[in-house]
$ cat coords_32.txt   # compact mmCIF, C-alpha atoms
# COMPACT_ATOMS: atom_id res chain seq x y z
CA MET A 1 0.00 0.00 0.00
CA ALA A 2 2.81 2.42 0.85
CA GLU A 3 4.54 1.66 -2.46
CA LYS A 4 1.37 2.50 -4.36
CA ALA A 5 1.07 5.83 -2.53
CA GLU A 6 4.72 6.66 -3.31
CA ALA A 7 4.22 5.78 -6.97
CA GLN A 8 1.23 8.12 -7.14
CA LYS A 9 3.24 10.94 -5.54
CA ASP A 10 6.08 10.40 -8.04
CA ALA A 11 3.61 10.46 -10.93
CA LYS A 12 2.15 13.74 -9.65
CA ARG A 13 5.62 15.30 -9.34
CA GLU A 14 6.51 14.26 -12.90
CA ALA A 15 3.23 15.63 -14.20
CA LYS A 16 3.87 19.00 -12.55
CA GLN A 17 7.38 19.49 -13.91
CA PRO A 18 6.45 20.21 -17.56
CA GLU A 19 3.93 22.81 -16.39
CA LYS A 20 6.70 24.74 -14.64
CA LYS A 21 8.81 24.75 -17.80
CA ARG A 22 5.86 25.91 -19.88
CA ALA A 23 5.10 28.73 -17.45
CA ARG A 24 8.67 30.02 -17.75
CA ALA A 25 8.44 30.09 -21.54
CA ASP A 26 5.28 32.22 -21.35
CA ASP A 27 6.55 34.57 -18.67
CA ASN A 28 7.36 37.33 -21.13
CA VAL A 29 3.92 37.31 -22.82
CA VAL A 30 1.22 39.81 -21.85
CA PHE A 31 -2.27 39.05 -23.17
CA VAL A 32 -4.17 42.31 -23.58
CA GLY A 33 -7.89 42.26 -22.84
CA LYS A 34 -10.49 44.50 -21.22
CA LYS A 35 -8.53 45.82 -18.22
CA PRO A 36 -7.35 49.43 -18.15
CA THR A 37 -4.33 50.24 -20.31
CA MET A 38 -2.11 51.09 -17.36
CA SER A 39 -2.59 47.59 -15.91
CA TYR A 40 -0.88 46.14 -18.98
CA VAL A 41 1.76 48.89 -18.98
CA LEU A 42 2.61 47.92 -15.40
CA ALA A 43 2.88 44.26 -16.43
CA VAL A 44 5.32 45.13 -19.23
CA ILE A 45 7.42 47.41 -17.02
CA THR A 46 7.53 44.69 -14.36
CA GLN A 47 8.84 42.22 -16.93
CA PHE A 48 11.55 44.61 -18.08
CA SER A 49 12.50 45.38 -14.46
CA SER A 50 12.94 41.67 -13.73
CA GLY A 51 15.65 41.48 -16.39
CA VAL A 52 13.70 40.23 -19.42
CA LYS A 53 15.04 41.72 -22.65
CA GLU A 54 11.92 41.03 -24.76
CA VAL A 55 8.18 41.19 -23.98
CA HIS A 56 5.38 40.06 -26.30
CA LEU A 57 2.03 41.84 -26.26
CA LYS A 58 -0.77 39.75 -27.78
CA ALA A 59 -4.34 40.84 -28.49
CA ARG A 60 -7.28 40.00 -30.71
CA GLY A 61 -10.36 41.81 -31.93
CA LYS A 62 -11.37 44.97 -30.10
CA SER A 63 -8.37 44.73 -27.75
CA ILE A 64 -5.89 45.46 -30.56
CA SER A 65 -6.15 49.23 -30.09
CA ARG A 66 -5.46 48.82 -26.37
CA ALA A 67 -2.35 46.72 -27.13
CA VAL A 68 -1.06 49.48 -29.43
CA ASP A 69 -1.74 52.04 -26.70
CA VAL A 70 0.23 49.92 -24.21
CA ALA A 71 3.21 49.71 -26.57
CA GLU A 72 3.17 53.47 -27.16
CA VAL A 73 2.87 54.36 -23.47
CA VAL A 74 5.74 52.04 -22.55
CA GLY A 75 7.91 53.45 -25.33
CA ASN A 76 7.11 57.12 -24.80
CA ARG A 77 7.00 57.34 -21.01
CA PHE A 78 8.98 54.53 -19.43
CA VAL A 79 11.59 52.81 -21.61
CA ASN A 80 14.16 54.64 -23.71
CA ASP A 81 15.35 53.07 -26.97
CA LEU A 82 12.50 50.58 -27.23
CA ASN A 83 12.42 48.43 -30.36
CA LYS A 84 9.02 47.34 -31.66
CA LYS A 85 8.19 44.54 -34.06
CA ILE A 86 4.57 44.09 -35.10
CA ASP A 87 2.98 40.93 -36.52
CA ILE A 88 -0.65 40.98 -37.60
CA GLY A 89 -2.88 38.14 -38.67
CA THR A 90 -6.30 36.55 -38.70
CA GLU A 91 -7.58 33.58 -36.74
CA LYS A 92 -10.61 31.56 -37.77
CA ILE A 93 -12.78 30.61 -34.84
CA HIS A 94 -15.92 28.53 -34.86
CA GLY A 95 -18.87 30.49 -33.55
CA GLU A 96 -21.87 28.73 -32.09
CA ARG A 97 -24.44 30.54 -34.21
CA ASP A 98 -22.55 32.09 -37.11
CA GLY A 99 -20.23 29.27 -38.12
CA ASP A 100 -16.68 30.42 -38.90
CA LEU A 101 -15.62 33.89 -37.81
CA ASN A 102 -12.45 35.77 -38.72
CA VAL A 103 -10.82 37.55 -35.80
CA SER A 104 -7.92 39.95 -36.28
CA THR A 105 -4.82 39.38 -34.12
CA ILE A 106 -1.71 41.35 -33.29
CA GLN A 107 1.55 40.50 -31.60
CA ILE A 108 3.83 43.38 -30.67
CA THR A 109 7.34 42.42 -29.61
CA LEU A 110 8.97 45.04 -27.40
CA SER A 111 12.71 44.74 -26.82
CA LYS A 112 15.37 46.88 -25.17

$ encode --input "coords_32.txt" --output "structure tokens"
Amino acid sequence: MAEKAEAQKDAKREAKQPEKKRARADDNVVFVGKKPTMSYVLAVITQFSSGVKEVHLKARGKSISRAVDVAEVVGNRFVNDLNKKIDIGTEKIHGERDGDLNVSTIQITLSK
């Protein structure tokens, strides 16, 4: 019985390890949504303060303008010599009523 309990604990530890690695890979990504612009600005500044050299802002649909605002506020007020790279695209999502919908996406890469 004790061996079975130990085996279950080992399996749980192994299952948790890949999640930690995945979280580290996504640490420098900020998903922009409906919160106020300055909330996302603070998130980006916090990332740069922790030593990250590159932060990715991602948004879709109506949040795209807010993501652009975040990038401009960070560049104009807080970080000197900020490099910006912008990738735009379209995602197809399956709506419940309307079938396929096209949603615009943006990824802004900010680097020092």

$ residues_around --input "coords_32.txt" --residues "Lys53 (chain A)" --least-positions-apart "6" --cutoff "9 Å" --atoms "all atoms listed in the file" --output "PyMOL selection string"
chain A and resi 28+47+110-112

$ closest_residue --input "coords_32.txt" --among "A:Val74, A:Val44, A:Ile106, A:Leu82" --to "Val29 (chain A)" --atoms "only C-alpha atoms"
A:Val44

$ closest_residue --input "coords_32.txt" --among "A:Val55, A:Val68, A:Tyr40, A:Ile108" --to "Ile86 (chain A)" --atoms "only C-alpha atoms"
A:Ile108

$ closest_residue --input "coords_32.txt" --among "A:Arg77, A:Val30, A:Ala59, A:Thr109" --to "Thr46 (chain A)" --atoms "all atoms listed in the file"
A:Val30

$ closest_residue --input "coords_32.txt" --among "A:Val52, A:Val73, A:Val79, A:Ile64" --to "Asp27 (chain A)" --atoms "only C-alpha atoms"
A:Val52

$ atom_distance --input "coords_32.txt" --atom1 "CA of Gly51 (chain A)" --atom2 "CA of Pro36 (chain A)"
24.4 Å

$ atom_distance --input "coords_32.txt" --atom1 "CA of Ser65 (chain A)" --atom2 "CA of Ile93 (chain A)"
20.3 Å

$ atom_distance --input "coords_32.txt" --atom1 "CA of Phe48 (chain A)" --atom2 "CA of Phe78 (chain A)"
10.3 Å

$ closest_residue --input "coords_32.txt" --among "A:Ser104, A:Gly75, A:Val41, A:Lys35" --to "Gly89 (chain A)" --atoms "only C-alpha atoms"
A:Ser104

$ closest_residue --input "coords_32.txt" --among "A:Asn76, A:Lys58, A:Ser63, A:Ser49" --to "Ile88 (chain A)" --atoms "all atoms listed in the file"
A:Lys58

$ residues_around --input "coords_32.txt" --residues "Arg60 (chain A)" --least-positions-apart "4" --cutoff "9 Å" --atoms "all atoms listed in the file" --output "ChimeraX atom specification"
/A:32-33,64,90-91,103-107

$ write_last_selection --input "coords_32.txt" --atoms "C-alpha atoms" --output "mmCIF file, keeping the file's coordinate frame"
data_model
loop_
_atom_site.group_PDB
_atom_site.id
_atom_site.type_symbol
_atom_site.label_atom_id
_atom_site.label_comp_id
_atom_site.auth_asym_id
_atom_site.auth_seq_id
_atom_site.Cartn_x
_atom_site.Cartn_y
_atom_site.Cartn_z
ATOM 1 C CA VAL A 32 -4.170 42.310 -23.580
ATOM 2 C CA GLY A 33 -7.890 42.260 -22.840
ATOM 3 C CA ILE A 64 -5.890 45.460 -30.560
ATOM 4 C CA THR A 90 -6.300 36.550 -38.700
ATOM 5 C CA GLU A 91 -7.580 33.580 -36.740
ATOM 6 C CA VAL A 103 -10.820 37.550 -35.800
ATOM 7 C CA SER A 104 -7.920 39.950 -36.280
ATOM 8 C CA THR A 105 -4.820 39.380 -34.120
ATOM 9 C CA ILE A 106 -1.710 41.350 -33.290
ATOM 10 C CA GLN A 107 1.550 40.500 -31.600
#
